[in-house]
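Student: Got a structure for you, model_6.txt, holding compact mmCIF, C-alpha atoms.
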# COMPACT_ATOMS: atom_id res chain seq x y z
CA MET A 1 71.01 95.47 41.33
CA MET A 2 67.62 94.40 42.69
CA PRO A 3 64.95 94.36 39.95
CA ILE A 4 61.56 95.95 40.63
CA ASP A 5 58.86 93.33 40.02
CA HIS A 6 56.20 95.53 38.45
CA ILE A 7 58.50 97.78 36.33
CA PRO A 8 59.95 95.82 33.38
CA ASP A 9 62.15 98.72 32.17
CA TRP A 10 63.68 99.53 35.56
CA GLU A 11 67.22 99.18 34.17
CA GLN A 12 66.56 101.77 31.45
CA ARG A 13 65.09 104.18 34.00
CA LEU A 14 68.21 103.83 36.14
CA ALA A 15 70.45 104.30 33.10
CA ARG A 16 68.77 107.61 32.22
CA GLN A 17 69.20 108.87 35.78
CA ASP A 18 72.84 107.79 35.83
CA ALA A 19 73.36 109.68 32.56
CA PHE A 20 71.80 112.81 34.11
CA TRP A 21 74.84 113.28 36.38
CA GLU A 22 77.14 113.55 33.36
CA ARG A 23 74.67 115.74 31.42
CA GLU A 24 74.33 113.01 28.83
CA ILE A 25 71.22 112.01 26.87
CA LEU A 26 70.45 108.36 26.11
CA ASP A 27 67.23 109.18 24.24
CA ARG A 28 65.60 112.01 26.22
CA PRO A 29 65.98 113.87 29.53
CA VAL A 30 64.82 112.26 32.75
CA VAL A 31 61.06 112.70 33.25
CA THR A 32 59.35 111.36 36.35
CA ILE A 33 55.60 111.16 36.93
CA SER A 34 53.92 109.51 39.89
CA LEU A 35 50.15 109.07 40.04
CA PRO A 36 47.83 107.47 42.58
CA LYS A 37 46.40 104.29 41.09
CA PRO A 38 42.79 104.89 40.00
CA ASN A 39 41.57 101.83 41.92
CA PRO A 40 44.13 101.10 44.64
CA ALA A 41 43.62 97.58 45.90
CA TYR A 42 46.42 97.21 48.45
CA PRO A 43 45.11 97.75 52.00
CA TRP A 44 46.62 100.44 54.18
CA PRO A 45 47.61 99.36 57.70
CA ALA A 46 44.90 99.81 60.30
CA ASN A 47 45.08 102.97 62.37
CA ARG A 48 46.63 102.67 65.79
CA THR A 49 46.32 104.87 68.85
CA TYR A 50 49.55 106.11 70.42
CA PRO A 51 50.22 107.82 73.75
CA THR A 52 52.25 110.52 71.95
CA ILE A 53 53.13 111.64 68.42
CA ARG A 54 56.68 110.46 69.08
CA ASP A 55 55.42 106.92 69.72
CA ARG A 56 53.75 106.93 66.31
CA TRP A 57 57.04 107.84 64.64
CA MET A 58 58.78 105.01 66.51
CA ASP A 59 56.36 102.27 65.40
CA THR A 60 58.78 100.63 62.97
CA GLU A 61 56.40 97.89 61.88
CA ARG A 62 53.60 100.27 60.89
CA VAL A 63 55.94 102.85 59.32
CA ALA A 64 57.37 100.15 57.04
CA ALA A 65 53.90 98.80 56.23
CA CYS A 66 52.72 102.30 55.28
CA ALA A 67 55.76 102.71 53.03
CA LEU A 68 54.86 99.51 51.18
CA ALA A 69 51.20 100.49 50.83
CA GLY A 70 52.14 103.91 49.46
CA VAL A 71 54.38 102.34 46.83
CA VAL A 72 51.99 99.58 45.74
CA ASN A 73 49.11 102.05 45.37
CA THR A 74 51.12 104.39 43.10
CA ASP A 75 51.78 104.26 39.36
CA TYR A 76 55.39 105.13 38.49
CA LEU A 77 55.60 106.49 34.95
CA GLY A 78 58.41 107.76 32.75
CA ASP A 79 61.62 107.31 34.71
CA ALA A 80 60.02 107.31 38.16
CA LEU A 81 61.04 104.37 40.35
CA PRO A 82 59.43 103.30 43.63
CA THR A 83 61.45 104.32 46.67
CA ALA A 84 60.88 104.71 50.39
CA TRP A 85 63.34 106.16 52.86
CA PRO A 86 63.36 105.83 56.65
CA ASN A 87 62.62 109.24 58.09
CA LEU A 88 63.02 110.69 61.59
CA GLY A 89 63.19 114.31 60.42
CA PRO A 90 65.86 116.52 58.84
CA GLU A 91 68.05 116.80 61.94
CA VAL A 92 68.49 113.09 62.63
CA PHE A 93 72.19 113.33 61.75
CA SER A 94 72.68 115.65 64.74
CA ALA A 95 70.60 113.25 66.82
CA PHE A 96 73.22 110.57 66.09
CA PHE A 97 75.55 112.78 68.17
CA GLY A 98 73.18 113.05 71.12
CA CYS A 99 70.80 115.88 70.23
CA GLU A 100 67.26 115.08 71.33
CA LEU A 101 64.45 115.39 68.81
CA GLU A 102 60.98 116.79 69.29
CA PHE A 103 58.30 115.42 66.97
CA GLY A 104 55.37 117.08 65.24
CA GLU A 105 52.80 115.61 62.87
CA THR A 106 54.99 115.68 59.77
CA THR A 107 58.51 116.60 60.88
CA SER A 108 60.86 116.82 63.85
CA TRP A 109 63.39 119.33 65.10
CA SER A 110 66.40 119.15 67.38
CA ILE A 111 66.71 120.57 70.86
CA PRO A 112 70.07 122.43 70.85
CA ASN A 113 72.39 121.00 73.51
CA LEU A 114 75.82 122.51 72.93
CA THR A 115 75.80 125.38 75.40
CA ASP A 116 79.56 125.51 76.06
CA TRP A 117 82.13 125.40 73.26
CA SER A 118 84.55 123.61 75.58
CA ASP A 119 82.34 120.52 75.21
CA VAL A 120 83.00 120.19 71.46
CA GLY A 121 85.64 117.52 72.01
CA LYS A 122 83.04 115.23 73.62
CA ILE A 123 80.82 115.14 70.53
CA ARG A 124 80.86 111.86 68.64
CA VAL A 125 78.50 109.40 66.97
CA SER A 126 77.66 106.39 69.10
CA ASP A 127 76.25 103.18 67.70
CA ASP A 128 74.63 102.67 71.11
CA GLY A 129 72.62 105.87 70.76
CA PHE A 130 68.84 105.60 70.55
CA TYR A 131 68.44 107.35 67.21
CA TRP A 132 71.29 105.44 65.59
CA ARG A 133 69.71 102.14 66.64
CA LYS A 134 66.24 103.25 65.56
CA MET A 135 67.46 104.35 62.10
CA LEU A 136 69.21 101.01 61.67
CA GLU A 137 66.01 99.21 62.70
CA LEU A 138 63.91 101.26 60.26
CA THR A 139 66.36 100.68 57.41
CA ASP A 140 66.37 96.91 58.01
CA ALA A 141 62.57 96.86 58.11
CA PHE A 142 62.33 98.77 54.81
CA LEU A 143 64.87 96.49 53.16
CA GLU A 144 62.90 93.42 54.21
CA ILE A 145 59.41 94.59 53.30
CA GLY A 146 60.54 96.33 50.11
CA LYS A 147 62.21 93.36 48.40
CA GLY A 148 61.31 93.55 44.72
CA LYS A 149 58.81 96.34 45.44
CA PHE A 150 60.87 99.48 46.13
CA TYR A 151 64.38 100.77 46.68
CA THR A 152 65.16 101.69 50.27
CA GLY A 153 66.74 105.12 50.41
CA LEU A 154 69.21 106.94 52.63
CA THR A 155 67.65 109.05 55.35
CA ASP A 156 67.73 112.86 55.28
CA MET A 157 71.20 113.76 56.62
CA HIS A 158 72.42 117.32 57.11
CA PRO A 159 76.07 117.72 58.08
CA GLY A 160 77.96 121.01 57.80
CA GLY A 161 76.24 124.24 58.70
CA ASP A 162 72.84 122.64 59.24
CA ALA A 163 74.32 120.23 61.80
CA VAL A 164 76.05 123.05 63.66
CA THR A 165 72.77 124.99 63.66
CA ALA A 166 71.01 122.01 65.23
CA PHE A 167 73.54 121.98 68.08
CA ARG A 168 73.47 125.73 68.71
CA ASP A 169 70.16 127.07 67.24
CA PRO A 170 70.09 129.67 64.43
CA VAL A 171 70.04 132.82 66.58
CA ARG A 172 72.96 131.73 68.75
CA LEU A 173 74.91 130.57 65.69
CA ASN A 174 74.59 134.01 64.13
CA PHE A 175 76.46 135.43 67.12
CA ASP A 176 78.94 132.53 66.98
CA MET A 177 79.81 133.42 63.39
CA LEU A 178 81.17 136.73 64.73
CA GLU A 179 82.40 135.75 68.18
CA ALA A 180 83.48 132.10 67.89
CA THR A 181 84.48 131.54 64.26
CA ALA A 182 87.32 129.16 65.12
CA GLU A 183 85.03 127.03 67.28
CA VAL A 184 82.41 126.85 64.50
CA LYS A 185 85.07 125.69 62.05
CA ALA A 186 86.29 123.04 64.52
CA LEU A 187 82.76 121.67 64.98
CA LEU A 188 82.23 121.67 61.22
CA GLU A 189 85.30 119.49 60.79
CA ILE A 190 83.99 117.00 63.37
CA MET A 191 80.57 116.93 61.67
CA ASN A 192 81.94 116.43 58.18
CA GLN A 193 84.36 113.64 59.05
CA ALA A 194 81.62 111.81 60.95
CA TYR A 195 79.24 112.30 58.02
CA PHE A 196 81.64 110.55 55.66
CA SER A 197 81.72 107.52 57.98
CA VAL A 198 77.94 107.47 58.49
CA TYR A 199 77.28 107.84 54.77
CA ASP A 200 79.68 105.02 53.92
CA PHE A 201 78.08 102.75 56.51
CA TYR A 202 74.60 103.14 55.01
CA PHE A 203 75.81 103.25 51.39
CA ASP A 204 77.61 99.93 51.88
CA LYS A 205 74.58 98.46 53.61
CA LEU A 206 72.21 99.45 50.80
CA LYS A 207 74.55 98.34 48.02
CA ALA A 208 75.05 94.96 49.72
CA ALA A 209 71.26 94.55 49.61
CA GLY A 210 71.16 95.28 45.86
CA GLN A 211 69.68 98.74 46.22
CA ALA A 212 69.94 101.67 43.87
CA ILE A 213 70.81 104.83 45.81
CA SER A 214 67.99 107.26 46.55
CA THR A 215 66.81 109.65 49.22
CA TRP A 216 64.21 112.40 49.72
CA ALA A 217 65.31 114.29 46.57
CA GLY A 218 63.72 111.67 44.29
CA ILE A 219 66.71 110.81 42.09
CA VAL A 220 67.40 107.07 41.86
CA SER A 221 70.85 106.09 40.64
CA THR A 222 73.56 103.45 40.84
CA LYS A 223 76.03 106.24 41.71
CA LYS A 224 77.35 107.17 45.16
CA TRP A 225 75.41 110.42 45.39
CA TYR A 226 73.78 112.74 47.89
CA VAL A 227 72.45 116.27 48.50
CA PRO A 228 74.80 118.84 50.07
CA SER A 229 72.93 121.77 51.59
CA ASN A 230 73.15 124.63 54.05
CA ASP A 231 69.80 126.24 54.87
CA PHE A 232 71.51 128.47 57.45
CA SER A 233 73.38 130.18 54.59
CA CYS A 234 70.46 132.53 53.85
CA MET A 235 71.30 134.34 57.12
CA ILE A 236 74.92 135.20 56.34
CA SER A 237 76.96 137.08 53.76
CA LYS A 238 78.64 135.54 50.75
CA GLU A 239 82.05 136.34 52.26
CA MET A 240 81.24 134.55 55.52
CA PHE A 241 79.74 131.57 53.67
CA ASP A 242 82.82 131.27 51.44
CA GLU A 243 85.20 131.41 54.40
CA VAL A 244 83.44 129.14 56.88
CA PHE A 245 81.12 126.74 55.05
CA LEU A 246 82.20 126.47 51.41
CA PRO A 247 85.36 124.39 52.13
CA GLY A 248 83.25 121.68 53.81
CA ILE A 249 80.75 121.64 50.95
CA ILE A 250 83.63 121.19 48.51
CA GLU A 251 84.85 118.24 50.62
CA GLU A 252 81.37 116.69 50.48
CA CYS A 253 81.29 116.97 46.70
CA GLN A 254 84.77 115.46 46.42
CA PHE A 255 83.78 112.58 48.71
CA LEU A 256 80.79 111.65 46.53
CA GLU A 257 80.66 110.25 43.03
CA ALA A 258 77.79 112.64 42.23
CA SER A 259 76.09 115.47 44.11
CA ILE A 260 73.20 117.87 43.75
CA TYR A 261 73.17 121.01 45.90
CA HIS A 262 69.88 121.89 47.60
CA LEU A 263 69.68 125.69 47.22
CA ASP A 264 66.80 126.74 49.44
CA GLY A 265 65.09 130.09 49.01
CA PRO A 266 65.87 133.49 47.47
CA GLY A 267 68.05 134.39 50.46
CA ALA A 268 70.49 131.65 49.46
CA LEU A 269 70.83 132.78 45.83
CA GLN A 270 73.74 135.06 46.77
CA HIS A 271 75.83 131.88 47.15
CA LEU A 272 75.02 130.37 43.76
CA GLU A 273 78.16 131.61 41.98
CA SER A 274 80.41 130.16 44.70
CA LEU A 275 78.64 126.81 44.42
CA LEU A 276 78.79 126.76 40.62
CA GLU A 277 82.57 127.09 40.86
CA ILE A 278 82.83 123.71 42.65
CA LYS A 279 84.28 121.47 39.96
CA GLU A 280 82.95 118.25 41.49
CA LEU A 281 79.37 119.48 41.98
CA LYS A 282 77.20 117.84 39.34
CA ALA A 283 73.82 119.58 39.67
CA VAL A 284 71.65 122.11 41.51
CA GLN A 285 68.18 121.71 42.99
CA TRP A 286 66.76 125.25 43.19
CA VAL A 287 63.85 125.53 45.65
CA TYR A 288 62.38 129.01 45.33
CA GLY A 289 59.72 128.38 48.00
CA ALA A 290 56.05 129.12 48.50
CA GLY A 291 55.01 132.63 47.55
CA HIS A 292 57.89 133.12 45.11
CA GLY A 293 56.16 132.25 41.86
CA ARG A 294 56.68 129.08 39.91
CA ALA A 295 59.60 127.44 38.15
CA SER A 296 59.09 129.50 34.96
CA ASP A 297 59.71 132.70 36.90
CA TRP A 298 63.26 131.54 37.68
CA MET A 299 64.49 130.64 34.22
CA HIS A 300 67.50 132.93 34.69
CA VAL A 301 68.67 130.75 37.59
CA TYR A 302 68.37 127.54 35.58
CA LYS A 303 70.24 129.15 32.68
CA ARG A 304 73.04 130.23 35.01
CA CYS A 305 73.37 126.66 36.23
CA GLN A 306 73.45 125.24 32.71
CA GLY A 307 75.91 127.92 31.64
CA ALA A 308 78.26 126.75 34.39
CA GLY A 309 78.04 123.16 33.18
CA LYS A 310 75.75 121.91 35.95
CA GLY A 311 72.64 119.78 35.74
CA ILE A 312 69.31 120.95 37.15
CA GLN A 313 66.45 119.21 38.91
CA VAL A 314 63.14 120.96 38.41
CA GLY A 315 59.52 120.35 39.32
CA LEU A 316 57.19 121.55 36.57
CA ALA A 317 53.49 121.97 36.10
CA ILE A 318 52.56 120.58 32.69
CA GLU A 319 51.70 124.01 31.29
CA GLU A 320 55.33 125.08 31.87
CA LEU A 321 56.86 122.24 29.87
CA ASP A 322 56.92 123.97 26.48
CA TYR A 323 58.62 127.06 27.94
CA PHE A 324 61.38 124.96 29.48
CA MET A 325 61.86 122.92 26.30
CA GLU A 326 62.25 126.15 24.33
CA ASN A 327 64.72 127.80 26.72
CA LEU A 328 66.99 125.07 28.09
CA LYS A 329 69.30 122.45 26.69
CA PRO A 330 68.01 118.90 27.33
CA GLU A 331 71.36 117.64 28.64
CA GLY A 332 71.47 117.42 32.44
CA VAL A 333 67.78 118.15 33.01
CA TRP A 334 65.81 116.06 35.53
CA ILE A 335 62.08 116.85 35.46
CA SER A 336 59.28 115.95 37.83
CA LEU A 337 55.92 116.70 36.20
CA SER A 338 52.78 117.57 38.15
CA GLY A 339 49.23 118.04 36.92
CA VAL A 340 49.21 114.86 34.85
CA GLN A 341 45.71 113.41 34.57
CA ASP A 342 46.25 109.74 33.86
CA ARG A 343 48.58 107.18 32.27
CA GLU A 344 47.55 108.08 28.71
CA HIS A 345 48.22 111.76 29.38
CA ALA A 346 51.60 110.88 30.91
CA GLU A 347 52.64 108.81 27.90
CA ALA A 348 51.78 111.67 25.53
CA LEU A 349 53.88 114.12 27.56
CA ILE A 350 56.83 111.71 27.65
CA ARG A 351 56.65 111.25 23.86
CA LYS A 352 56.66 115.03 23.52
Please re-express this file's structure in structure tokens.
Tutor:
Amino acid sequence: MMPIDHIPDWEQRLARQDAFWEREILDRPVVTISLPKPNPAYPWPANRTYPTIRDRWMDTERVAACALAGVVNTDYLGDALPTAWPNLGPEVFSAFFGCELEFGETTSWSIPNLTDWSDVGKIRVSDDGFYWRKMLELTDAFLEIGKGKFYTGLTDMHPGGDAVTAFRDPVRLNFDMLEATAEVKALLEIMNQAYFSVYDFYFDKLKAAGQAISTWAGIVSTKKWYVPSNDFSCMISKEMFDEVFLPGIIEECQFLEASIYHLDGPGALQHLESLLEIKELKAVQWVYGAGHGRASDWMHVYKRCQGAGKGIQVGLAIEELDYFMENLKPEGVWISLSGVQDREHAEALIRK
């Protein structure tokens, strides 16, 4: 495993995060705190002018340089480890199959291109595709510039229902769920099998380069892990979710050594019990969303997850910490703390 030059206890931090998956405690739960350095000395890359926003996203050299600057100008405290992951938006997995992406300032979205179900058989990942080659280029650039400085992560991949949504668009897919259920299931099978191959390709590449495994979710581990999700699920019933999408999610969890389900928004809570019944699922990341209170308002959800033998990943403001310590078991808890003032404050919270 590649050591991180400026973090002498990097192995212990990894060990705690590995233990999280099994709901085991080495000495305390995982606690991550990241703070901007008070006097950042590393220069950010000079601004460049681009003809379009898309061109900015495609500037591999500058994207990698910005990733390095962001890492070097940050203090990683507790169990936090420096990571950077190549990002072309949350629907890049569908772009590997030929979907075109449209880029905004901070994200991208796919342009649905499956207008006729008879074309499903033509869908496949091509290593000659533009987005496949660009992601490979970005990953190689991160691996090179990040040596000893940060772990290069897996990009944000969404197979399953999210991939099908990218091909069809959410409104059309709602009709498909009633009128073309067999076709949706067939496309899901294509997506999932391709995902396993794509994941293995990048997992093997990162492991060969001595990387711990990480992605947008923040966990850094030696395990073969990822984040199953289905944001489309908030639009459909529990019965429809269980019939059409749950089998593929179970396959994802069985394929991985460890997994954390990204449960996004109150509309998706109806599916929690089905997800908690997946034996291989290790943990849940509950995202209640803006306007729905704070983590403390959802203690009943975290307790349900712990009661089912699952770990939880939770972002906490420091004033919520006591409440969570009083109400939850420490085993299988992964905490990201916000509102920390400085290194001394962070160290006191970690001791607590």
Student: When distances are computed from all atoms listed in the file, which of A:Pro228, A:Pro45, A:Gly332, A:Gly248 shows the smallest separation from Asn192 of chain A?
Tutor: A:Gly248
Student: Quick one: residues within 10 Å of Asp59 of chain A, all atoms listed in the file counted, chain neighbours fewer than 3 positions away excluded, as a list in words?
Tutor: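 Neighbouring residues, sequence-local ones excluded: Arg48, Tyr50, Arg54, Asp55, Arg56, Arg62, Val63, Ala64, Lys134 and Leu138 of chain A.
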Student: Using only C-alpha atoms, which of the listed residues (A:Tyr323, A:Trp57, A:Trp286, A:Phe97) sits closest to Ile190 of chain A?
Tutor: A:Phe97
Student: Which neighbours of Phe245 of chain A fall inside 9 Å, counting all atoms listed in the file, when residues of the same chain fewer than 2 positions from it are skipped, and could you give them as a PyMOL selection string?
Tutor: chain A and resi 160-161+185+188+230+233+240-243+247-250
Student: So that I can check the surroundings of Ile236 of chain A, please list as a short mmCIF file (atom, residue, chain, number, x, y, z; two decimals) with C-alpha atoms, keeping the file's coordinate frame every protein, DNA and RNA residue that reaches within 9 Å of it, counting only C-alpha atoms and ignoring chain neighbours fewer than 6 positions away.
Tutor:
data_model
loop_
_atom_site.label_atom_id
_atom_site.label_comp_id
_atom_site.auth_asym_id
_atom_site.auth_seq_id
_atom_site.Cartn_x
_atom_site.Cartn_y
_atom_site.Cartn_z
CA ASN A 174 74.59 134.01 64.13
CA MET A 177 79.81 133.42 63.39
CA ALA A 268 70.49 131.65 49.46
#
Student: Once you count all atoms listed in the file, which residues end up no further than 6 Å from (61.5, 102.4, 53.0) in the file's frame, shown as a CSV table (one decimal) with C-alpha atoms, in the frame of the given file?
Tutor:
chain,number,residue,atom,x,y,z
A,67,ALA,CA,55.8,102.7,53.0
A,84,ALA,CA,60.9,104.7,50.4
A,85,TRP,CA,63.3,106.2,52.9
A,86,PRO,CA,63.4,105.8,56.6
A,142,PHE,CA,62.3,98.8,54.8
A,152,THR,CA,65.2,101.7,50.3
Student: With 6 Å on each side, where is the centre of the axis-aligned box around all listed atoms of segment 102-109 of chain A, and how long are its edges in Å to one decimal, as lines of an AutoDock Vina configuration file?
Tutor:
center_x = 58.1
center_y = 117.4
center_z = 64.5
size_x = 22.6
size_y = 15.9
size_z = 21.5
Student: Step by step: start from the point (84.1, 116.7, 46.3) in the file's coordinates, keep every protein, DNA or RNA residue that has an atom no farther than 12 Å from it, count all atoms listed in the file, and write the set as a PDB file with C-alpha atoms, in the frame of the given file.
Tutor:
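That gives us part-v2.pdb:
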ATOM      1  CA  PHE A 196      81.640 110.550  55.660  1.00  0.00           C
ATOM      2  CA  LYS A 224      77.350 107.170  45.160  1.00  0.00           C
ATOM      3  CA  TRP A 225      75.410 110.420  45.390  1.00  0.00           C
ATOM      4  CA  TYR A 226      73.780 112.740  47.890  1.00  0.00           C
ATOM      5  CA  VAL A 227      72.450 116.270  48.500  1.00  0.00           C
ATOM      6  CA  PRO A 228      74.800 118.840  50.070  1.00  0.00           C
ATOM      7  CA  LEU A 246      82.200 126.470  51.410  1.00  0.00           C
ATOM      8  CA  PRO A 247      85.360 124.390  52.130  1.00  0.00           C
ATOM      9  CA  GLY A 248      83.250 121.680  53.810  1.00  0.00           C
ATOM     10  CA  ILE A 249      80.750 121.640  50.950  1.00  0.00           C
ATOM     11  CA  ILE A 250      83.630 121.190  48.510  1.00  0.00           C
ATOM     12  CA  GLU A 251      84.850 118.240  50.620  1.00  0.00           C
ATOM     13  CA  GLU A 252      81.370 116.690  50.480  1.00  0.00           C
ATOM     14  CA  CYS A 253      81.290 116.970  46.700  1.00  0.00           C
ATOM     15  CA  GLN A 254      84.770 115.460  46.420  1.00  0.00           C
ATOM     16  CA  PHE A 255      83.780 112.580  48.710  1.00  0.00           C
ATOM     17  CA  LEU A 256      80.790 111.650  46.530  1.00  0.00           C
ATOM     18  CA  GLU A 257      80.660 110.250  43.030  1.00  0.00           C
ATOM     19  CA  ALA A 258      77.790 112.640  42.230  1.00  0.00           C
ATOM     20  CA  SER A 259      76.090 115.470  44.110  1.00  0.00           C
ATOM     21  CA  ILE A 260      73.200 117.870  43.750  1.00  0.00           C
ATOM     22  CA  TYR A 261      73.170 121.010  45.900  1.00  0.00           C
ATOM     23  CA  LEU A 275      78.640 126.810  44.420  1.00  0.00           C
ATOM     24  CA  GLU A 277      82.570 127.090  40.860  1.00  0.00           C
ATOM     25  CA  ILE A 278      82.830 123.710  42.650  1.00  0.00           C
ATOM     26  CA  LYS A 279      84.280 121.470  39.960  1.00  0.00           C
ATOM     27  CA  GLU A 280      82.950 118.250  41.490  1.00  0.00           C
ATOM     28  CA  LEU A 281      79.370 119.480  41.980  1.00  0.00           C
ATOM     29  CA  LYS A 282      77.200 117.840  39.340  1.00  0.00           C
TER      30      LYS A 282
END
Student: Can you measure atom CA of Thr115 of chain A to atom CA of Thr181 of chain A for me? One decimal in Å is fine.
Tutor: 15.4 Å
Student: Smallest atom-to-atom distance to Asp27 of chain A: which of A:Ala15, A:Gln285, A:Thr106, A:Gly89, using all atoms listed in the file?
Tutor: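 Smallest separation from Asp27 of chain A among the options: A:Ala15.
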Student: Which of these residues is nearest to Gly315 of chain A, using all atoms listed in the file: A:Gly121, A:Pro38, A:Ile33, A:Thr155?
Tutor: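 When distances to Gly315 of chain A are compared using all atoms listed in the file, the smallest one comes from A:Ile33.
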Student: Contacts of Ser197 of chain A at 12 Å or less, counting all atoms listed in the file, minus same-chain residues fewer than 4 places along, as a JSON list (two decimals) with C-alpha atoms, in the coordinates of the input?
Tutor:
[["chain", "number", "residue", "atom", "x", "y", "z"],
["A", 93, "PHE", "CA", 72.19, 113.33, 61.75],
["A", 124, "ARG", "CA", 80.86, 111.86, 68.64],
["A", 125, "VAL", "CA", 78.50, 109.40, 66.97],
["A", 126, "SER", "CA", 77.66, 106.39, 69.10],
["A", 127, "ASP", "CA", 76.25, 103.18, 67.70],
["A", 159, "PRO", "CA", 76.07, 117.72, 58.08],
["A", 190, "ILE", "CA", 83.99, 117.00, 63.37],
["A", 191, "MET", "CA", 80.57, 116.93, 61.67],
["A", 192, "ASN", "CA", 81.94, 116.43, 58.18],
["A", 193, "GLN", "CA", 84.36, 113.64, 59.05],
["A", 201, "PHE", "CA", 78.08, 102.75, 56.51],
["A", 202, "TYR", "CA", 74.60, 103.14, 55.01],
["A", 203, "PHE", "CA", 75.81, 103.25, 51.39],
["A", 204, "ASP", "CA", 77.61, 99.93, 51.88],
["A", 252, "GLU", "CA", 81.37, 116.69, 50.48],
["A", 255, "PHE", "CA", 83.78, 112.58, 48.71]]
Student: Have a look at atom CA of Phe232 of chain A and atom CA of Leu178 of chain A and let me know their distance in Å, one decimal.
Tutor: 14.6 Å
